[in-house]
Amino acid sequence: MKRVFLIVLDSFGIGEMEDAAAYGDVNVNTLRSVSSSPYFHLPNLKALGLFQIDGVEVGEKGGEPTAVIARMTEASKGKDTTVGHWEIAGICSPRPLPTYPEGFPEEVLAPFRERTGRGVLCNLPYSGTQVIQEYGDAHMNTGDLIVYTSADSVFQIAAHEEIVPLEQLYEYCRMARDILQGEHGVGRVIARPFVGPCGGPFTRTSNRHDFSLLPPETTMLDQLEAAGKDVIAVGKIKDIFAGKGITEAVYTSGNAEGIERTLEYLDKDFEGLCFVNLVDYDMLYGHRRDVDGYAKALTYFDEKLPEILGKMKEDDVLMITADHGCDPAYEATTDHTREYTPFLMYGRKIAPKNLGTRKTFADIGVTVLQYFGITPAFSGKGMLEDIK
């Protein structure tokens, strides 16, 4: 019985790509920045070979890696969660998803107001924690929805849980998702509920929910499902793929729960893929420019890694990668950064090897499918053939 555990350390970039400047990113490197923290300690990732990946200039190299290692290049145009995960699963996006640095146009907001029956506040790129402090009172007094965006392709709706019940907020997001198609097809519509007394301070809750654009092409998830394999989504994976190709899903409140759910699935019998997103690196530490917090979160994952490896069966394969960067020390922006990502693949039957720099994240999806004997319906180069 074959199982693949694919874990995405959300935003764990390992150095700027050659075209990073075109995205406004200069001299960015999430791994390098986080390694400066006194809380950075990754002996188990070191043993797998993290510091021996192409271009990695921090950390001690150590002996021979125990995993297949590679540096992944994003072929898609973009640096966000949706585009990154889609490419891992086989979809290359030749055009970036739309962004709105000056807010959303009236042709989007007018039908949104009409369908929700509520007004709109803000409508600008904003920090998610700051926007609720500045517009929270107005929202509570009027019932108008706080709509904002970022440098990413997102339409975010913030609402107080006592003013707009969660299910109502989710329904408003579905309305927005229906409106935001075609040229305005943003990657994600995100519900951002918060709580707090009138006058503040306000705090976001863990009831966030993402409503993603439906993947436009066949992914490895679709092919695995069609072949009768289990496709288990842990964290926000189901939202990123709009449920397409997913056979079972569990949401998590953060990294710790995501790791615990993964450990639980390691104890279960299934055949197929367990696809995991650990979001805290991006959401709690990268965007908030918290170097120490990021380092502590990576160290925690590293500490749990022996337990993950110890539960793996003879035919299990563990893959660790990322979807983009979010350099917590980069001062020019608080948004994602255009970076290479790491790839580590470990299994008892997998021979360790350095595969250099790959041309696309899609090589991961091809490798997963080939492990199950499935011919990929998308472009990419499998890595199993390179380690025989």
# chains A, B, ... in the order shown; residues from 1 in each chain; ligands from 1
$ residues_around --residues "stretch 274-283 of chain A" --least-positions-apart "5" --cutoff "9 Å" --atoms "only C-alpha atoms" --output "short mmCIF file (atom, residue, chain, number, x, y, z; two decimals) with C-alpha atoms, in the first residue's frame"
data_model
loop_
_atom_site.label_atom_id
_atom_site.label_comp_id
_atom_site.auth_asym_id
_atom_site.auth_seq_id
_atom_site.Cartn_x
_atom_site.Cartn_y
_atom_site.Cartn_z
CA ARG A 3 1.22 6.54 0.55
CA VAL A 4 2.70 9.97 -0.15
CA PHE A 5 2.73 12.68 2.51
CA LEU A 6 3.30 16.04 0.79
CA ILE A 7 3.86 18.82 3.31
CA VAL A 8 3.94 22.46 2.20
CA LEU A 9 5.73 24.80 4.60
CA ASP A 10 3.74 27.82 3.46
CA SER A 11 6.10 30.65 2.32
CA PHE A 12 9.40 28.89 3.17
CA ASP A 230 -7.37 8.60 -1.57
CA VAL A 231 -6.67 12.33 -1.75
CA ILE A 232 -6.62 13.68 1.80
CA ALA A 233 -6.37 17.44 2.36
CA VAL A 234 -5.05 18.80 5.67
CA GLY A 235 -5.32 22.51 6.43
CA LYS A 236 -6.39 24.89 3.66
CA ILE A 237 -5.59 22.52 0.78
CA THR A 252 -6.76 22.98 11.10
CA GLY A 254 -2.56 26.23 12.68
CA ASN A 255 0.73 24.41 12.33
CA ALA A 256 0.56 22.40 15.54
CA GLY A 258 -1.75 20.37 11.09
CA ILE A 259 1.21 18.32 12.27
CA THR A 262 -0.65 14.38 9.75
CA TYR A 265 -3.08 9.94 9.13
CA ARG A 288 3.95 40.17 10.18
CA GLY A 293 8.37 33.62 15.43
CA TYR A 294 9.12 32.14 12.01
CA ALA A 295 12.30 30.51 13.36
CA ALA A 297 7.78 27.58 14.08
CA LEU A 298 10.39 25.95 11.82
CA ALA A 322 6.93 25.36 -0.15
CA GLY A 325 8.56 33.03 -0.15
CA CYS A 326 7.63 35.60 2.50
CA HIS A 336 5.05 37.43 -0.45
#
$ select_by_dssp --residues "stretch 305-387 of chain A" --states "alpha helix (DSSP H)" --output "list in words"
Leu305, Pro306, Glu307, Ile308, Leu309, Gly310, Lys311, Ala362, Asp363, Ile364, Gly365, Val366, Thr367, Val368, Leu369, Gln370 and Tyr371 of chain A
$ write_last_selection --atoms "N, CA and C atoms" --output "PDB file, in the first residue's frame"
ATOM      1  N   LEU A 305       9.727  16.229  13.326  1.00  0.00           N
ATOM      2  CA  LEU A 305      10.100  15.438  12.157  1.00  0.00           C
ATOM      3  C   LEU A 305      10.492  13.998  12.491  1.00  0.00           C
ATOM      4  N   PRO A 306      11.266  13.734  13.562  1.00  0.00           N
ATOM      5  CA  PRO A 306      11.583  12.335  13.884  1.00  0.00           C
ATOM      6  C   PRO A 306      10.329  11.494  14.154  1.00  0.00           C
ATOM      7  N   GLU A 307       9.312  12.102  14.751  1.00  0.00           N
ATOM      8  CA  GLU A 307       8.072  11.375  15.001  1.00  0.00           C
ATOM      9  C   GLU A 307       7.369  11.050  13.684  1.00  0.00           C
ATOM     10  N   ILE A 308       7.393  11.998  12.761  1.00  0.00           N
ATOM     11  CA  ILE A 308       6.807  11.754  11.434  1.00  0.00           C
ATOM     12  C   ILE A 308       7.554  10.633  10.723  1.00  0.00           C
ATOM     13  N   LEU A 309       8.879  10.729  10.694  1.00  0.00           N
ATOM     14  CA  LEU A 309       9.689   9.716  10.027  1.00  0.00           C
ATOM     15  C   LEU A 309       9.531   8.350  10.684  1.00  0.00           C
ATOM     16  N   GLY A 310       9.396   8.347  12.005  1.00  0.00           N
ATOM     17  CA  GLY A 310       9.275   7.095  12.739  1.00  0.00           C
ATOM     18  C   GLY A 310       7.986   6.344  12.464  1.00  0.00           C
ATOM     19  N   LYS A 311       6.955   7.046  12.042  1.00  0.00           N
ATOM     20  CA  LYS A 311       5.668   6.416  11.742  1.00  0.00           C
ATOM     21  C   LYS A 311       5.545   5.963  10.287  1.00  0.00           C
ATOM     22  N   ALA A 362       5.859  21.785 -10.903  1.00  0.00           N
ATOM     23  CA  ALA A 362       5.043  20.676 -11.410  1.00  0.00           C
ATOM     24  C   ALA A 362       5.795  19.354 -11.409  1.00  0.00           C
ATOM     25  N   ASP A 363       7.121  19.392 -11.335  1.00  0.00           N
ATOM     26  CA  ASP A 363       7.887  18.148 -11.233  1.00  0.00           C
ATOM     27  C   ASP A 363       7.443  17.346 -10.007  1.00  0.00           C
ATOM     28  N   ILE A 364       6.971  18.041  -8.984  1.00  0.00           N
ATOM     29  CA  ILE A 364       6.492  17.355  -7.776  1.00  0.00           C
ATOM     30  C   ILE A 364       5.242  16.553  -8.100  1.00  0.00           C
ATOM     31  N   GLY A 365       4.275  17.194  -8.776  1.00  0.00           N
ATOM     32  CA  GLY A 365       3.043  16.504  -9.140  1.00  0.00           C
ATOM     33  C   GLY A 365       3.303  15.318 -10.049  1.00  0.00           C
ATOM     34  N   VAL A 366       4.213  15.484 -11.005  1.00  0.00           N
ATOM     35  CA  VAL A 366       4.569  14.380 -11.899  1.00  0.00           C
ATOM     36  C   VAL A 366       5.150  13.220 -11.097  1.00  0.00           C
ATOM     37  N   THR A 367       6.022  13.537 -10.146  1.00  0.00           N
ATOM     38  CA  THR A 367       6.665  12.501  -9.328  1.00  0.00           C
ATOM     39  C   THR A 367       5.642  11.736  -8.506  1.00  0.00           C
ATOM     40  N   VAL A 368       4.692  12.444  -7.914  1.00  0.00           N
ATOM     41  CA  VAL A 368       3.640  11.785  -7.134  1.00  0.00           C
ATOM     42  C   VAL A 368       2.869  10.806  -8.011  1.00  0.00           C
ATOM     43  N   LEU A 369       2.439  11.264  -9.179  1.00  0.00           N
ATOM     44  CA  LEU A 369       1.649  10.406 -10.064  1.00  0.00           C
ATOM     45  C   LEU A 369       2.460   9.205 -10.537  1.00  0.00           C
ATOM     46  N   GLN A 370       3.695   9.432 -10.891  1.00  0.00           N
ATOM     47  CA  GLN A 370       4.518   8.323 -11.357  1.00  0.00           C
ATOM     48  C   GLN A 370       4.739   7.284 -10.260  1.00  0.00           C
ATOM     49  N   TYR A 371       4.785   7.720  -9.024  1.00  0.00           N
ATOM     50  CA  TYR A 371       4.948   6.764  -7.919  1.00  0.00           C
ATOM     51  C   TYR A 371       3.774   5.799  -7.862  1.00  0.00           C
TER      52      TYR A 371
END
$ select_by_dssp --residues "stretch 264-310 of chain A" --states "strand (DSSP E)" --output "list in words"
Gly272, Leu273, Cys274, Phe275, Val276, Asn277 and Leu278 of chain A
$ residues_around --residues "A:Thr205" --least-positions-apart "5" --cutoff "12 Å" --atoms "only C-alpha atoms" --output "VMD selection string"
chain A and resid 128 to 129 132 158 to 161 166 191 to 196 253 to 254
$ write_last_selection --atoms "N, CA, C and O atoms" --output "tab-separated table (two decimals), in the first residue's frame"
chain	number	residue	atom	x	y	z
A	128	GLY	N	-4.30	43.03	7.37
A	128	GLY	CA	-5.50	42.43	7.93
A	128	GLY	C	-5.73	42.73	9.39
A	128	GLY	O	-6.87	42.84	9.85
A	129	THR	N	-4.65	42.86	10.16
A	129	THR	CA	-4.80	43.16	11.58
A	129	THR	C	-5.09	44.65	11.79
A	129	THR	O	-5.81	45.03	12.70
A	132	ILE	N	-9.02	45.98	10.72
A	132	ILE	CA	-10.15	45.81	11.65
A	132	ILE	C	-10.06	46.83	12.79
A	132	ILE	O	-11.10	47.22	13.34
A	158	ALA	N	-13.90	41.24	5.97
A	158	ALA	CA	-13.80	41.17	7.43
A	158	ALA	C	-15.13	41.58	8.05
A	158	ALA	O	-15.74	42.56	7.63
A	159	ALA	N	-15.57	40.82	9.03
A	159	ALA	CA	-16.82	41.12	9.71
A	159	ALA	C	-16.78	40.59	11.14
A	159	ALA	O	-16.18	39.53	11.41
A	160	HIS	N	-17.40	41.34	12.05
A	160	HIS	CA	-17.47	40.94	13.46
A	160	HIS	C	-18.44	39.78	13.60
A	160	HIS	O	-19.54	39.80	13.04
A	161	GLU	N	-18.06	38.77	14.35
A	161	GLU	CA	-18.88	37.57	14.45
A	161	GLU	C	-20.24	37.83	15.12
A	161	GLU	O	-21.19	37.07	14.91
A	166	LEU	N	-21.13	33.67	11.30
A	166	LEU	CA	-20.16	33.04	10.42
A	166	LEU	C	-20.76	32.51	9.13
A	166	LEU	O	-20.24	32.74	8.04
A	191	ALA	N	-12.86	34.89	3.91
A	191	ALA	CA	-13.65	35.36	5.05
A	191	ALA	C	-12.69	35.63	6.20
A	191	ALA	O	-11.91	34.75	6.58
A	192	ARG	N	-12.77	36.82	6.78
A	192	ARG	CA	-11.87	37.22	7.86
A	192	ARG	C	-12.69	37.66	9.09
A	192	ARG	O	-12.79	38.85	9.41
A	193	PRO	N	-13.29	36.73	9.82
A	193	PRO	CA	-14.08	37.11	10.99
A	193	PRO	C	-13.22	37.59	12.14
A	193	PRO	O	-12.06	37.18	12.29
A	194	PHE	N	-13.79	38.50	12.94
A	194	PHE	CA	-13.06	38.99	14.10
A	194	PHE	C	-14.01	39.22	15.27
A	194	PHE	O	-15.24	39.19	15.10
A	195	VAL	N	-13.45	39.45	16.44
A	195	VAL	CA	-14.23	39.69	17.65
A	195	VAL	C	-13.61	40.85	18.41
A	195	VAL	O	-12.50	41.29	18.11
A	196	GLY	N	-14.34	41.33	19.42
A	196	GLY	CA	-13.84	42.42	20.26
A	196	GLY	C	-14.94	43.41	20.58
A	196	GLY	O	-15.95	43.47	19.88
A	253	SER	N	-6.37	24.62	12.83
A	253	SER	CA	-6.27	25.95	13.41
A	253	SER	C	-4.88	26.55	13.28
A	253	SER	O	-4.66	27.71	13.59
A	254	GLY	N	-3.92	25.75	12.81
A	254	GLY	CA	-2.56	26.23	12.68
A	254	GLY	C	-1.58	25.09	12.51
A	254	GLY	O	-1.97	23.93	12.34
$ closest_residue --among "A:Phe378, A:Phe241, A:Tyr285, A:Tyr330" --to "A:Gly84" --atoms "only C-alpha atoms"
A:Phe241
$ residues_around --residues "A:Phe361" --least-positions-apart "2" --cutoff "12 Å" --atoms "only C-alpha atoms" --output "ChimeraX atom specification"
/A:8,70-76,83-93,321-324,339-343,357-359,363-368,378-383
$ residues_around --residues "A:Cys173" --least-positions-apart "4" --cutoff "10 Å" --atoms "only C-alpha atoms" --output "MDAnalysis selection string"
chainID A and resid 112 116 155:157 167:169 177:179 188:192 209:211
$ residues_around --residues "stretch 67-69 of chain A" --least-positions-apart "6" --cutoff "9 Å" --atoms "only C-alpha atoms" --output "VMD selection string"
chain A and resid 47 to 50 52 to 54 342 to 347 350 to 356 383 387
$ residues_around --residues "A:Glu106" --least-positions-apart "4" --cutoff "12 Å" --atoms "only C-alpha atoms" --output "ChimeraX atom specification"
/A:102,110-114,120,123,184
$ write_last_selection --atoms "N, CA and C atoms" --output "compact mmCIF listing (two decimals), in the first residue's frame"
# COMPACT_ATOMS: atom_id res chain seq x y z
N GLU A 102 -5.34 49.64 -6.20
CA GLU A 102 -6.16 50.83 -5.90
C GLU A 102 -7.56 50.46 -5.45
N ALA A 110 -20.59 47.07 -7.05
CA ALA A 110 -22.04 47.31 -7.20
C ALA A 110 -22.85 46.02 -7.08
N PRO A 111 -22.53 44.95 -7.84
CA PRO A 111 -23.29 43.72 -7.67
C PRO A 111 -23.09 43.07 -6.30
N PHE A 112 -21.90 43.29 -5.70
CA PHE A 112 -21.65 42.75 -4.37
C PHE A 112 -22.57 43.41 -3.34
N ARG A 113 -22.67 44.73 -3.40
CA ARG A 113 -23.57 45.44 -2.47
C ARG A 113 -25.02 45.03 -2.70
N GLU A 114 -25.39 44.88 -3.94
CA GLU A 114 -26.77 44.52 -4.27
C GLU A 114 -27.12 43.14 -3.73
N VAL A 120 -20.05 48.83 1.77
CA VAL A 120 -18.65 48.40 1.76
C VAL A 120 -17.78 49.48 2.40
N ASN A 123 -12.03 49.13 1.03
CA ASN A 123 -11.74 48.86 -0.38
C ASN A 123 -10.37 49.37 -0.81
N HIS A 184 -11.89 39.43 -13.60
CA HIS A 184 -11.78 39.73 -12.17
C HIS A 184 -11.69 38.45 -11.32
$ closest_residue --among "A:Gly15, A:Val154, A:Gly199, A:Gly117" --to "A:Tyr135" --atoms "only C-alpha atoms"
A:Gly199
$ atom_distance --atom1 "atom CA of A:Asp152" --atom2 "atom CA of A:Val291"
21.2 Å
